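One file, model01.pdb, is given below (PDB, C-alpha atoms and all ligand atoms).
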```pdb
ATOM      1  CA  MET A   1       3.916   6.095   9.052  1.00  0.00           C
ATOM      2  CA  TYR A   2       3.805   2.596   7.524  1.00  0.00           C
ATOM      3  CA  ILE A   3       5.297  -0.152   9.684  1.00  0.00           C
ATOM      4  CA  VAL A   4       5.630  -3.862   8.915  1.00  0.00           C
ATOM      5  CA  VAL A   5       5.735  -6.228  11.887  1.00  0.00           C
ATOM      6  CA  LEU A   6       7.515  -9.470  10.995  1.00  0.00           C
ATOM      7  CA  GLY A   7       7.820 -12.629  13.040  1.00  0.00           C
ATOM      8  CA  ALA A   8       7.196 -16.356  12.955  1.00  0.00           C
ATOM      9  CA  PRO A   9       3.765 -17.632  13.978  1.00  0.00           C
ATOM     10  CA  GLY A  10       3.749 -17.399  17.775  1.00  0.00           C
ATOM     11  CA  ALA A  11       6.360 -14.621  17.960  1.00  0.00           C
ATOM     12  CA  GLY A  12       3.685 -12.249  19.257  1.00  0.00           C
ATOM     13  CA  LYS A  13       3.373 -10.107  16.147  1.00  0.00           C
ATOM     14  CA  GLY A  14      -0.414  -9.743  16.492  1.00  0.00           C
ATOM     15  CA  THR A  15      -0.140  -8.674  20.135  1.00  0.00           C
ATOM     16  CA  GLN A  16       2.753  -6.289  19.469  1.00  0.00           C
ATOM     17  CA  ALA A  17       1.130  -4.842  16.336  1.00  0.00           C
ATOM     18  CA  ASP A  18      -1.967  -4.172  18.425  1.00  0.00           C
ATOM     19  CA  ILE A  19       0.011  -2.382  21.168  1.00  0.00           C
ATOM     20  CA  LEU A  20       1.876  -0.351  18.539  1.00  0.00           C
ATOM     21  CA  CYS A  21      -1.378   0.665  16.852  1.00  0.00           C
ATOM     22  CA  ARG A  22      -2.853   1.932  20.118  1.00  0.00           C
ATOM     23  CA  LYS A  23       0.352   3.766  20.988  1.00  0.00           C
ATOM     24  CA  LEU A  24       0.632   5.450  17.585  1.00  0.00           C
ATOM     25  CA  ASN A  25      -3.068   5.666  16.803  1.00  0.00           C
ATOM     26  CA  LEU A  26      -2.673   3.740  13.548  1.00  0.00           C
ATOM     27  CA  PRO A  27      -4.981   1.087  12.050  1.00  0.00           C
ATOM     28  CA  HIS A  28      -3.983  -2.574  12.411  1.00  0.00           C
ATOM     29  CA  VAL A  29      -3.928  -4.324   9.028  1.00  0.00           C
ATOM     30  CA  ALA A  30      -3.708  -8.088   9.649  1.00  0.00           C
ATOM     31  CA  SER A  31      -3.892 -10.279   6.556  1.00  0.00           C
ATOM     32  CA  GLY A  32      -4.752 -13.384   8.635  1.00  0.00           C
ATOM     33  CA  ASP A  33      -7.832 -11.542   9.981  1.00  0.00           C
ATOM     34  CA  LEU A  34      -8.835 -10.597   6.421  1.00  0.00           C
ATOM     35  CA  PHE A  35      -8.535 -14.268   5.390  1.00  0.00           C
ATOM     36  CA  ARG A  36     -10.548 -15.411   8.449  1.00  0.00           C
ATOM     37  CA  GLN A  37     -13.255 -12.782   7.819  1.00  0.00           C
ATOM     38  CA  ALA A  38     -13.590 -13.970   4.221  1.00  0.00           C
ATOM     39  CA  LEU A  39     -13.838 -17.546   5.523  1.00  0.00           C
ATOM     40  CA  GLU A  40     -16.526 -16.658   8.087  1.00  0.00           C
ATOM     41  CA  LYS A  41     -18.561 -14.850   5.443  1.00  0.00           C
ATOM     42  CA  LYS A  42     -18.140 -17.942   3.247  1.00  0.00           C
ATOM     43  CA  THR A  43     -17.146 -15.778   0.288  1.00  0.00           C
ATOM     44  CA  GLU A  44     -15.701 -17.564  -2.746  1.00  0.00           C
ATOM     45  CA  LEU A  45     -12.284 -16.262  -1.775  1.00  0.00           C
ATOM     46  CA  GLY A  46     -12.735 -17.398   1.841  1.00  0.00           C
ATOM     47  CA  LEU A  47     -13.671 -20.918   0.777  1.00  0.00           C
ATOM     48  CA  LEU A  48     -10.666 -21.026  -1.535  1.00  0.00           C
ATOM     49  CA  ALA A  49      -8.361 -19.906   1.298  1.00  0.00           C
ATOM     50  CA  LYS A  50      -9.843 -22.423   3.793  1.00  0.00           C
ATOM     51  CA  SER A  51      -7.835 -25.440   2.648  1.00  0.00           C
ATOM     52  CA  TYR A  52      -4.558 -23.488   2.676  1.00  0.00           C
ATOM     53  CA  MET A  53      -5.208 -22.169   6.173  1.00  0.00           C
ATOM     54  CA  GLU A  54      -6.134 -25.599   7.512  1.00  0.00           C
ATOM     55  CA  ARG A  55      -2.917 -27.076   6.139  1.00  0.00           C
ATOM     56  CA  GLY A  56      -0.852 -24.209   7.591  1.00  0.00           C
ATOM     57  CA  GLU A  57       0.200 -23.130   4.100  1.00  0.00           C
ATOM     58  CA  LEU A  58       0.177 -19.641   2.657  1.00  0.00           C
ATOM     59  CA  GLY A  59      -2.854 -18.712   0.607  1.00  0.00           C
ATOM     60  CA  PRO A  60      -2.302 -17.527  -2.989  1.00  0.00           C
ATOM     61  CA  SER A  61      -0.218 -14.342  -2.977  1.00  0.00           C
ATOM     62  CA  GLU A  62      -2.467 -12.696  -5.543  1.00  0.00           C
ATOM     63  CA  ILE A  63      -5.443 -12.949  -3.174  1.00  0.00           C
ATOM     64  CA  ALA A  64      -3.417 -11.680  -0.202  1.00  0.00           C
ATOM     65  CA  ILE A  65      -2.072  -8.747  -2.219  1.00  0.00           C
ATOM     66  CA  ASN A  66      -5.522  -7.771  -3.541  1.00  0.00           C
ATOM     67  CA  MET A  67      -7.087  -7.950  -0.076  1.00  0.00           C
ATOM     68  CA  ILE A  68      -4.331  -5.820   1.435  1.00  0.00           C
ATOM     69  CA  LEU A  69      -4.335  -3.211  -1.330  1.00  0.00           C
ATOM     70  CA  GLU A  70      -8.103  -2.909  -1.026  1.00  0.00           C
ATOM     71  CA  ARG A  71      -7.763  -2.496   2.762  1.00  0.00           C
ATOM     72  CA  ILE A  72      -5.045   0.171   2.605  1.00  0.00           C
ATOM     73  CA  GLY A  73      -7.074   2.047   0.001  1.00  0.00           C
ATOM     74  CA  LEU A  74      -9.578   2.907   2.764  1.00  0.00           C
ATOM     75  CA  ALA A  75      -9.405   6.387   4.261  1.00  0.00           C
ATOM     76  CA  ASP A  76      -8.130   5.314   7.706  1.00  0.00           C
ATOM     77  CA  CYS A  77      -4.856   4.060   6.171  1.00  0.00           C
ATOM     78  CA  ALA A  78      -4.185   7.268   4.214  1.00  0.00           C
ATOM     79  CA  SER A  79      -1.349   8.378   6.463  1.00  0.00           C
ATOM     80  CA  GLY A  80      -0.152   5.066   7.816  1.00  0.00           C
ATOM     81  CA  CYS A  81      -0.892   1.666   9.315  1.00  0.00           C
ATOM     82  CA  VAL A  82       0.773  -1.308  10.964  1.00  0.00           C
ATOM     83  CA  PHE A  83       0.984  -4.426   8.768  1.00  0.00           C
ATOM     84  CA  ASP A  84       0.773  -7.759  10.562  1.00  0.00           C
ATOM     85  CA  GLY A  85       1.164 -11.018   8.609  1.00  0.00           C
ATOM     86  CA  PHE A  86       1.784  -9.187   5.365  1.00  0.00           C
ATOM     87  CA  PRO A  87       4.045  -9.313   3.417  1.00  0.00           C
ATOM     88  CA  ARG A  88       4.789 -13.049   3.798  1.00  0.00           C
ATOM     89  CA  THR A  89       6.837 -13.547   0.582  1.00  0.00           C
ATOM     90  CA  LEU A  90       9.270 -11.456  -1.443  1.00  0.00           C
ATOM     91  CA  GLU A  91       6.636 -11.157  -4.175  1.00  0.00           C
ATOM     92  CA  GLN A  92       4.221  -9.623  -1.641  1.00  0.00           C
ATOM     93  CA  ALA A  93       6.901  -7.272  -0.254  1.00  0.00           C
ATOM     94  CA  GLU A  94       7.676  -6.017  -3.757  1.00  0.00           C
ATOM     95  CA  ALA A  95       3.980  -5.611  -4.624  1.00  0.00           C
ATOM     96  CA  LEU A  96       3.436  -3.588  -1.450  1.00  0.00           C
ATOM     97  CA  ASP A  97       6.443  -1.336  -2.170  1.00  0.00           C
ATOM     98  CA  LYS A  98       5.219  -0.774  -5.719  1.00  0.00           C
ATOM     99  CA  ALA A  99       1.656   0.078  -4.660  1.00  0.00           C
ATOM    100  CA  LEU A 100       2.848   2.498  -1.960  1.00  0.00           C
ATOM    101  CA  MET A 101       5.363   4.083  -4.338  1.00  0.00           C
ATOM    102  CA  GLU A 102       2.593   4.823  -6.847  1.00  0.00           C
ATOM    103  CA  GLU A 103       0.976   6.918  -4.086  1.00  0.00           C
ATOM    104  CA  GLY A 104       4.279   8.632  -3.234  1.00  0.00           C
ATOM    105  CA  LYS A 105       4.521   6.610  -0.010  1.00  0.00           C
ATOM    106  CA  SER A 106       6.800   3.893   1.354  1.00  0.00           C
ATOM    107  CA  ILE A 107       7.331   1.504   4.256  1.00  0.00           C
ATOM    108  CA  ASP A 108       9.166   3.427   6.980  1.00  0.00           C
ATOM    109  CA  LYS A 109      10.353   0.591   9.216  1.00  0.00           C
ATOM    110  CA  SER A 110      10.070  -3.142   9.520  1.00  0.00           C
ATOM    111  CA  VAL A 111      10.213  -4.665  12.998  1.00  0.00           C
ATOM    112  CA  TYR A 112      11.348  -8.304  13.145  1.00  0.00           C
ATOM    113  CA  ILE A 113      10.445 -10.030  16.420  1.00  0.00           C
ATOM    114  CA  ARG A 114      12.924 -12.895  16.785  1.00  0.00           C
ATOM    115  CA  VAL A 115      12.003 -15.937  18.946  1.00  0.00           C
ATOM    116  CA  PRO A 116      13.765 -19.365  19.099  1.00  0.00           C
ATOM    117  CA  GLN A 117      11.914 -22.190  17.344  1.00  0.00           C
ATOM    118  CA  GLU A 118      11.394 -24.408  20.471  1.00  0.00           C
ATOM    119  CA  GLU A 119       9.751 -21.461  22.216  1.00  0.00           C
ATOM    120  CA  LEU A 120       7.472 -20.852  19.205  1.00  0.00           C
ATOM    121  CA  ILE A 121       6.187 -24.450  19.276  1.00  0.00           C
ATOM    122  CA  LYS A 122       5.534 -24.221  23.028  1.00  0.00           C
ATOM    123  CA  ARG A 123       3.645 -20.946  22.636  1.00  0.00           C
ATOM    124  CA  LEU A 124       1.522 -21.944  19.648  1.00  0.00           C
ATOM    125  CA  SER A 125       0.330 -25.300  20.832  1.00  0.00           C
ATOM    126  CA  GLY A 126      -1.117 -23.800  24.056  1.00  0.00           C
ATOM    127  CA  ARG A 127      -2.808 -20.833  22.396  1.00  0.00           C
ATOM    128  CA  TRP A 128      -6.587 -20.270  22.727  1.00  0.00           C
ATOM    129  CA  ILE A 129      -8.441 -17.221  21.455  1.00  0.00           C
ATOM    130  CA  CYS A 130     -11.714 -15.508  22.377  1.00  0.00           C
ATOM    131  CA  ARG A 131     -14.224 -16.094  19.596  1.00  0.00           C
ATOM    132  CA  ASN A 132     -15.814 -12.740  20.363  1.00  0.00           C
ATOM    133  CA  CYS A 133     -13.009 -10.187  20.984  1.00  0.00           C
ATOM    134  CA  GLN A 134      -9.954 -12.170  19.696  1.00  0.00           C
ATOM    135  CA  THR A 135      -7.985 -11.786  22.983  1.00  0.00           C
ATOM    136  CA  PRO A 136      -5.303 -14.519  23.033  1.00  0.00           C
ATOM    137  CA  TYR A 137      -4.708 -16.769  26.083  1.00  0.00           C
ATOM    138  CA  HIS A 138      -2.143 -19.460  26.782  1.00  0.00           C
ATOM    139  CA  LEU A 139      -3.003 -22.586  28.756  1.00  0.00           C
ATOM    140  CA  VAL A 140       0.292 -22.393  30.685  1.00  0.00           C
ATOM    141  CA  ALA A 141       1.675 -18.846  30.362  1.00  0.00           C
ATOM    142  CA  ALA A 142      -1.539 -16.765  30.450  1.00  0.00           C
ATOM    143  CA  PRO A 143      -4.571 -18.918  31.327  1.00  0.00           C
ATOM    144  CA  PRO A 144      -8.044 -17.332  31.617  1.00  0.00           C
ATOM    145  CA  ARG A 145      -9.492 -16.940  35.131  1.00  0.00           C
ATOM    146  CA  VAL A 146     -12.374 -19.301  34.253  1.00  0.00           C
ATOM    147  CA  ALA A 147     -11.484 -22.218  31.953  1.00  0.00           C
ATOM    148  CA  GLY A 148     -12.827 -21.729  28.434  1.00  0.00           C
ATOM    149  CA  LYS A 149     -14.108 -18.175  29.053  1.00  0.00           C
ATOM    150  CA  CYS A 150     -12.610 -14.810  28.115  1.00  0.00           C
ATOM    151  CA  ASP A 151     -11.642 -12.603  31.110  1.00  0.00           C
ATOM    152  CA  LYS A 152     -12.541  -9.453  29.182  1.00  0.00           C
ATOM    153  CA  CYS A 153     -15.918 -10.229  27.625  1.00  0.00           C
ATOM    154  CA  GLY A 154     -16.927 -13.702  28.831  1.00  0.00           C
ATOM    155  CA  GLY A 155     -16.771 -14.986  25.228  1.00  0.00           C
ATOM    156  CA  GLU A 156     -16.038 -18.632  24.417  1.00  0.00           C
ATOM    157  CA  LEU A 157     -12.358 -19.532  23.899  1.00  0.00           C
ATOM    158  CA  TYR A 158     -11.372 -21.714  20.952  1.00  0.00           C
ATOM    159  CA  GLN A 159      -8.216 -23.144  19.443  1.00  0.00           C
ATOM    160  CA  ARG A 160      -7.593 -22.063  15.859  1.00  0.00           C
ATOM    161  CA  THR A 161      -7.485 -25.122  13.608  1.00  0.00           C
ATOM    162  CA  ASP A 162      -4.095 -23.901  12.428  1.00  0.00           C
ATOM    163  CA  ASP A 163      -2.766 -23.881  16.040  1.00  0.00           C
ATOM    164  CA  LYS A 164      -3.034 -27.702  16.248  1.00  0.00           C
ATOM    165  CA  GLU A 165       0.394 -29.301  16.583  1.00  0.00           C
ATOM    166  CA  GLU A 166       0.887 -30.782  13.085  1.00  0.00           C
ATOM    167  CA  THR A 167      -0.232 -27.527  11.458  1.00  0.00           C
ATOM    168  CA  VAL A 168       2.019 -25.490  13.759  1.00  0.00           C
ATOM    169  CA  ILE A 169       5.061 -27.389  12.511  1.00  0.00           C
ATOM    170  CA  GLU A 170       4.054 -26.767   8.879  1.00  0.00           C
ATOM    171  CA  ARG A 171       3.427 -23.036   9.542  1.00  0.00           C
ATOM    172  CA  LEU A 172       6.893 -22.666  11.083  1.00  0.00           C
ATOM    173  CA  LYS A 173       8.484 -24.440   8.099  1.00  0.00           C
ATOM    174  CA  VAL A 174       6.633 -22.103   5.728  1.00  0.00           C
ATOM    175  CA  PHE A 175       7.810 -19.096   7.732  1.00  0.00           C
ATOM    176  CA  PHE A 176      11.486 -20.059   7.714  1.00  0.00           C
ATOM    177  CA  GLU A 177      11.454 -20.987   4.018  1.00  0.00           C
ATOM    178  CA  GLN A 178       9.218 -18.314   2.496  1.00  0.00           C
ATOM    179  CA  THR A 179       8.954 -15.358   4.879  1.00  0.00           C
ATOM    180  CA  LEU A 180      12.402 -15.118   6.458  1.00  0.00           C
ATOM    181  CA  PRO A 181      13.984 -13.794   3.191  1.00  0.00           C
ATOM    182  CA  ILE A 182      11.902 -10.643   3.703  1.00  0.00           C
ATOM    183  CA  VAL A 183      13.983  -9.832   6.789  1.00  0.00           C
ATOM    184  CA  ASP A 184      16.980  -9.482   4.467  1.00  0.00           C
ATOM    185  CA  TYR A 185      14.928  -7.535   1.941  1.00  0.00           C
ATOM    186  CA  TYR A 186      14.172  -4.823   4.517  1.00  0.00           C
ATOM    187  CA  LYS A 187      17.693  -5.014   5.960  1.00  0.00           C
ATOM    188  CA  LYS A 188      19.137  -4.177   2.517  1.00  0.00           C
ATOM    189  CA  GLN A 189      16.777  -1.199   2.358  1.00  0.00           C
ATOM    190  CA  GLY A 190      18.099  -0.011   5.755  1.00  0.00           C
ATOM    191  CA  LYS A 191      14.616  -0.348   7.273  1.00  0.00           C
ATOM    192  CA  LEU A 192      15.020  -3.345   9.570  1.00  0.00           C
ATOM    193  CA  ILE A 193      14.746  -3.193  13.348  1.00  0.00           C
ATOM    194  CA  GLU A 194      15.439  -6.529  15.031  1.00  0.00           C
ATOM    195  CA  ILE A 195      13.920  -7.150  18.466  1.00  0.00           C
ATOM    196  CA  ASN A 196      14.457  -9.966  20.968  1.00  0.00           C
ATOM    197  CA  GLY A 197      10.965 -11.454  21.240  1.00  0.00           C
ATOM    198  CA  ASN A 198      11.920 -14.009  23.887  1.00  0.00           C
ATOM    199  CA  LEU A 199      10.798 -11.689  26.697  1.00  0.00           C
ATOM    200  CA  GLY A 200       7.478 -10.759  28.322  1.00  0.00           C
ATOM    201  CA  ILE A 201       4.855  -8.879  26.275  1.00  0.00           C
ATOM    202  CA  GLN A 202       5.452  -5.500  27.969  1.00  0.00           C
ATOM    203  CA  ASP A 203       9.243  -5.775  27.696  1.00  0.00           C
ATOM    204  CA  VAL A 204       9.034  -6.546  23.978  1.00  0.00           C
ATOM    205  CA  ALA A 205       6.596  -3.641  23.490  1.00  0.00           C
ATOM    206  CA  GLU A 206       8.986  -1.263  25.260  1.00  0.00           C
ATOM    207  CA  GLU A 207      11.926  -2.421  23.147  1.00  0.00           C
ATOM    208  CA  ILE A 208       9.922  -1.833  19.977  1.00  0.00           C
ATOM    209  CA  ILE A 209       8.813   1.650  21.001  1.00  0.00           C
ATOM    210  CA  SER A 210      12.289   2.682  22.067  1.00  0.00           C
ATOM    211  CA  ALA A 211      13.786   1.358  18.808  1.00  0.00           C
ATOM    212  CA  LEU A 212      11.188   3.268  16.767  1.00  0.00           C
ATOM    213  CA  LYS A 213      11.282   6.454  18.823  1.00  0.00           C
ATOM    214  CA  PRO A 214      14.181   8.143  17.020  1.00  0.00           C
ATOM    215  CA  PHE A 215      12.227   7.863  13.762  1.00  0.00           C
ATOM    216  CA  MET A 216       8.874   9.068  15.021  1.00  0.00           C
ATOM    217  CA  ILE A 217       9.330  11.406  17.968  1.00  0.00           C
ATOM    218  CA  ALA A 218       6.261  13.478  17.104  1.00  0.00           C
ATOM    219  CA  ASP A 219       3.933  10.465  16.810  1.00  0.00           C
ATOM    220  CA  VAL A 220       5.001   8.853  20.083  1.00  0.00           C
ATOM    221  CA  LYS A 221       4.794  12.143  21.977  1.00  0.00           C
ATOM    222  CA  ASN A 222       1.308  12.846  20.694  1.00  0.00           C
ATOM    223  CA  SER A 223      -0.003   9.527  21.930  1.00  0.00           C
ATOM    224  CA  ASP A 224       1.587   9.652  25.426  1.00  0.00           C
TER     225      ASP A 224
HETATM  226  P1  LIG Y   1      -2.029 -15.504  10.448  1.00  0.00           P
HETATM  227  O1  LIG Y   1      -3.191 -15.179  11.314  1.00  0.00           O
HETATM  228  O2  LIG Y   1      -1.271 -14.280  10.033  1.00  0.00           O
HETATM  229  O3  LIG Y   1      -1.147 -16.569  11.049  1.00  0.00           O
HETATM  230  O4  LIG Y   1      -2.634 -16.118   9.088  1.00  0.00           O
HETATM  231  C1  LIG Y   1      -3.440 -17.291   9.081  1.00  0.00           C
HETATM  232  C2  LIG Y   1      -3.402 -17.948   7.709  1.00  0.00           C
HETATM  233  O5  LIG Y   1      -3.938 -17.028   6.710  1.00  0.00           O
HETATM  234  C3  LIG Y   1      -2.016 -18.295   7.181  1.00  0.00           C
HETATM  235  O6  LIG Y   1      -1.542 -19.547   7.658  1.00  0.00           O
HETATM  236  C4  LIG Y   1      -2.262 -18.309   5.670  1.00  0.00           C
HETATM  237  O7  LIG Y   1      -2.922 -19.492   5.242  1.00  0.00           O
HETATM  238  C5  LIG Y   1      -3.223 -17.142   5.482  1.00  0.00           C
HETATM  239  N1  LIG Y   1      -2.472 -15.874   5.279  1.00  0.00           N
HETATM  240  C6  LIG Y   1      -2.404 -14.799   6.110  1.00  0.00           C
HETATM  241  N2  LIG Y   1      -1.645 -13.823   5.595  1.00  0.00           N
HETATM  242  C7  LIG Y   1      -1.194 -14.269   4.395  1.00  0.00           C
HETATM  243  C8  LIG Y   1      -0.369 -13.740   3.384  1.00  0.00           C
HETATM  244  N3  LIG Y   1       0.184 -12.512   3.506  1.00  0.00           N
HETATM  245  N4  LIG Y   1      -0.137 -14.491   2.273  1.00  0.00           N
HETATM  246  C9  LIG Y   1      -0.676 -15.713   2.133  1.00  0.00           C
HETATM  247  N5  LIG Y   1      -1.464 -16.297   3.054  1.00  0.00           N
HETATM  248  C10 LIG Y   1      -1.733 -15.595   4.188  1.00  0.00           C
END
```
Let me see the file written as structure tokens.
Ligand code: AMP
Amino acid sequence: MYIVVLGAPGAGKGTQADILCRKLNLPHVASGDLFRQALEKKTELGLLAKSYMERGELGPSEIAINMILERIGLADCASGCVFDGFPRTLEQAEALDKALMEEGKSIDKSVYIRVPQEELIKRLSGRWICRNCQTPYHLVAAPPRVAGKCDKCGGELYQRTDDKEETVIERLKVFFEQTLPIVDYYKKQGKLIEINGNLGIQDVAEEIISALKPFMIADVKNSD
């Protein structure tokens, strides 16, 4: 099963994609992580993407598409995965459909996690992440037990450069202008599931699972 998780930055798509992956035993394919890995390894592509990421803009679609197609070509994605952060533009959505179709596959469902804009700004500007295991924290809503340290692994917490306030505003603008049209794209294909993301993490996760359940009874049962 191939699922796309859509949502503005701060809507909780990474967290929800992660929960969904564990529940359905599917790999988590996050384009932002692929960009950050390329940046950490200082590859040519990573260095090219750096300036876009720091400005809160989308990187070149061609790079994103190539990275994703390479990732889903690996054996663990042969029967499905959960996409997080990809597609981000109509061009990317069409490229993904085309590539899957060539393999006789298709996106099964797209889950759009909807959160009001004021809430997104509040969430993003307090977000800190463990450098080691990537667990997210929030200075107000979900602070770590010891300031600056991860509860799970003791790793150092850091704020992503693109979570700084001016970049957050740019990332939200980019989302509403360039990514939101994809919601309609999947709606027209009859694949969209819209979820109220303005709830707690577990409540949102339950809503997603119950909305997907009718389409994947076997998968959910197997993982219970
Ligand atoms: P994310 O972690 O998904 O918020 O992504 C972090 C940054 O990586 C974005 O602000 C973009 O600069 C870049 N990025 C991630 N996914 C894509 C994509 N599908 N297309 C273009 N740029 C992307």
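The shortest atom-to-atom distance to Leu199 in chain A, with all atoms listed in the file taken into account, belongs to A:Ile113 out of A:Ile113, A:Ala211, A:Ile129, A:Leu48.
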query: So which one's closest to ligand LIG 1 (chain Y), A:Pro27, A:Gly59, A:Gly12, A:Gly46? Using all atoms listed in the file, please.
result: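 For ligand LIG 1 (chain Y), the nearest of the given residues is A:Gly59.
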Test item: residues no farther than 6 Å from ligand LIG 1 (chain Y), counting all atoms listed in the file, as a PDB file with C-alpha atoms, in the coordinates of the input:
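Contents of result_3.pdb, freshly written:
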```pdb
ATOM      1  CA  PRO A   9       3.765 -17.632  13.978  1.00  0.00           C
ATOM      2  CA  SER A  31      -3.892 -10.279   6.556  1.00  0.00           C
ATOM      3  CA  GLY A  32      -4.752 -13.384   8.635  1.00  0.00           C
ATOM      4  CA  PHE A  35      -8.535 -14.268   5.390  1.00  0.00           C
ATOM      5  CA  TYR A  52      -4.558 -23.488   2.676  1.00  0.00           C
ATOM      6  CA  MET A  53      -5.208 -22.169   6.173  1.00  0.00           C
ATOM      7  CA  GLY A  56      -0.852 -24.209   7.591  1.00  0.00           C
ATOM      8  CA  GLU A  57       0.200 -23.130   4.100  1.00  0.00           C
ATOM      9  CA  LEU A  58       0.177 -19.641   2.657  1.00  0.00           C
ATOM     10  CA  GLY A  59      -2.854 -18.712   0.607  1.00  0.00           C
ATOM     11  CA  PRO A  60      -2.302 -17.527  -2.989  1.00  0.00           C
ATOM     12  CA  SER A  61      -0.218 -14.342  -2.977  1.00  0.00           C
ATOM     13  CA  ALA A  64      -3.417 -11.680  -0.202  1.00  0.00           C
ATOM     14  CA  GLY A  85       1.164 -11.018   8.609  1.00  0.00           C
ATOM     15  CA  PHE A  86       1.784  -9.187   5.365  1.00  0.00           C
ATOM     16  CA  PRO A  87       4.045  -9.313   3.417  1.00  0.00           C
ATOM     17  CA  ARG A  88       4.789 -13.049   3.798  1.00  0.00           C
TER      18      ARG A  88
END
```
field: Expected residue set, 8 Å radius at (-4.6, 5.3, 14.1), only C-alpha atoms, as a PyMOL selection string
entry: chain A and resi 21-22+24-27+76+80-81
- prompt: Expanded to explicit residues, what is the PyMOL selection byres (((chain A and resi 170) around 12) and not hetatm) for this file, as a list of chain:residue names?
  reply: A:Ala8, A:Pro9, A:Tyr52, A:Met53, A:Glu54, A:Arg55, A:Gly56, A:Glu57, A:Leu58, A:Ile121, A:Asp162, A:Asp163, A:Lys164, A:Glu165, A:Glu166, A:Thr167, A:Val168, A:Ile169, A:Arg171, A:Leu172, A:Lys173, A:Val174, A:Phe175, A:Phe176, A:Glu177, A:Gln178
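CA of Ile63 in chain A to CA of Tyr137 in chain A spans 29.5 Å [interatomic distance, one decimal].
Our summary of the geometry notes that CA of Val82 in chain A is positioned 13.4 Å from CA of Asp33 in chain A.
With distances taken over all atoms listed in the file, A:Ile193 is the one residue among A:Ile193, A:Ala95, A:Leu100, A:Val29 lying closest to Lys213 in chain A.
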- prompt: With distances taken over only C-alpha atoms, which of A:Glu207, A:Ser51, A:Met67, A:Met1 is nearest to Gln37 in chain A?
  reply: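 Between A:Glu207, A:Ser51, A:Met67, A:Met1, the residue approaching Gln37 in chain A most closely is A:Met67.
In terms of minimum interatomic distance to Thr15 in chain A, A:Ala30 ranks closest within A:Ala30, A:Ile182, A:Ile72, A:Val146, counting all atoms listed in the file.
A straight line drawn from CA of Leu34 in chain A to CA of Cys153 in chain A is 22.4 Å long.
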query: Do you know which residues are at most 7 Å from Gly7 in chain A counting only C-alpha atoms, after dropping those on the same chain fewer than 5 positions away, and could you put them as a VMD selection string?
result: chain A and resid 13 112 to 114
message: Evaluate the PyMOL selection byres (((chain A and resi 106) around 12) and not hetatm) against this structure - the residues, as a ChimeraX atom specification, please.
response: /A:1-4,78-81,93-105,107-110,186,189,191
- request: Find the residue from A:Val5, A:Gly10, A:Gly197, A:Val204 that sits nearest to Lys122 in chain A; use only C-alpha atoms when measuring.
  value: A:Gly10
message: On this structure, the PyMOL selection byres (((chain A and resi 127) around 8) and not hetatm) would catch which residues? List them as a list of chain:residue names, sorted by chain and number.
response: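 With the shown file as input, the PyMOL selection byres (((chain A and resi 127) around 8) and not hetatm) matches A:Arg123, A:Leu124, A:Ser125, A:Gly126, A:Trp128, A:Ile129, A:Pro136, A:Tyr137, A:His138, A:Leu139, A:Gln159, A:Asp163.
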Size and centre in Å, one decimal, axis-aligned box, all listed range 112-129 of chain A atoms plus 3 Å per side, as JSON:
```
{"center_x": 2.7, "center_y": -16.8, "center_z": 18.6, "size_x": 28.2, "size_y": 23.0, "size_z": 16.9}
```
message: Please list as a list in words every residue within 7 Å of Val115 in chain A, counting all atoms listed in the file and excluding residues in the same chain fewer than 6 positions away.
response: Ala11, Asn196, Gly197 and Asn198 of chain A
Take the residues from that selection and write them out as a compact mmCIF listing (two decimals), in the coordinates of the input, keeping C-alpha atoms.
```txt
# COMPACT_ATOMS: atom_id res chain seq x y z
CA ALA A 11 6.36 -14.62 17.96
CA ASN A 196 14.46 -9.97 20.97
CA GLY A 197 10.96 -11.45 21.24
CA ASN A 198 11.92 -14.01 23.89
```
message: Need the shell around Lys149 in chain A: protein/DNA/RNA residues with any atom at most 12 Å away, counting all atoms listed in the file. Skip same-chain ones fewer than 5 positions apart. Format as a ChimeraX atom specification?
response: /A:128-137,139,143-144,154-158
Just write the chosen residues, C-alpha atoms, as a compact mmCIF listing (two decimals), keeping the file's coordinate frame.
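The file below, out.txt, is the result:
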```txt
# COMPACT_ATOMS: atom_id res chain seq x y z
CA TRP A 128 -6.59 -20.27 22.73
CA ILE A 129 -8.44 -17.22 21.46
CA CYS A 130 -11.71 -15.51 22.38
CA ARG A 131 -14.22 -16.09 19.60
CA ASN A 132 -15.81 -12.74 20.36
CA CYS A 133 -13.01 -10.19 20.98
CA GLN A 134 -9.95 -12.17 19.70
CA THR A 135 -7.98 -11.79 22.98
CA PRO A 136 -5.30 -14.52 23.03
CA TYR A 137 -4.71 -16.77 26.08
CA LEU A 139 -3.00 -22.59 28.76
CA PRO A 143 -4.57 -18.92 31.33
CA PRO A 144 -8.04 -17.33 31.62
CA GLY A 154 -16.93 -13.70 28.83
CA GLY A 155 -16.77 -14.99 25.23
CA GLU A 156 -16.04 -18.63 24.42
CA LEU A 157 -12.36 -19.53 23.90
CA TYR A 158 -11.37 -21.71 20.95
```
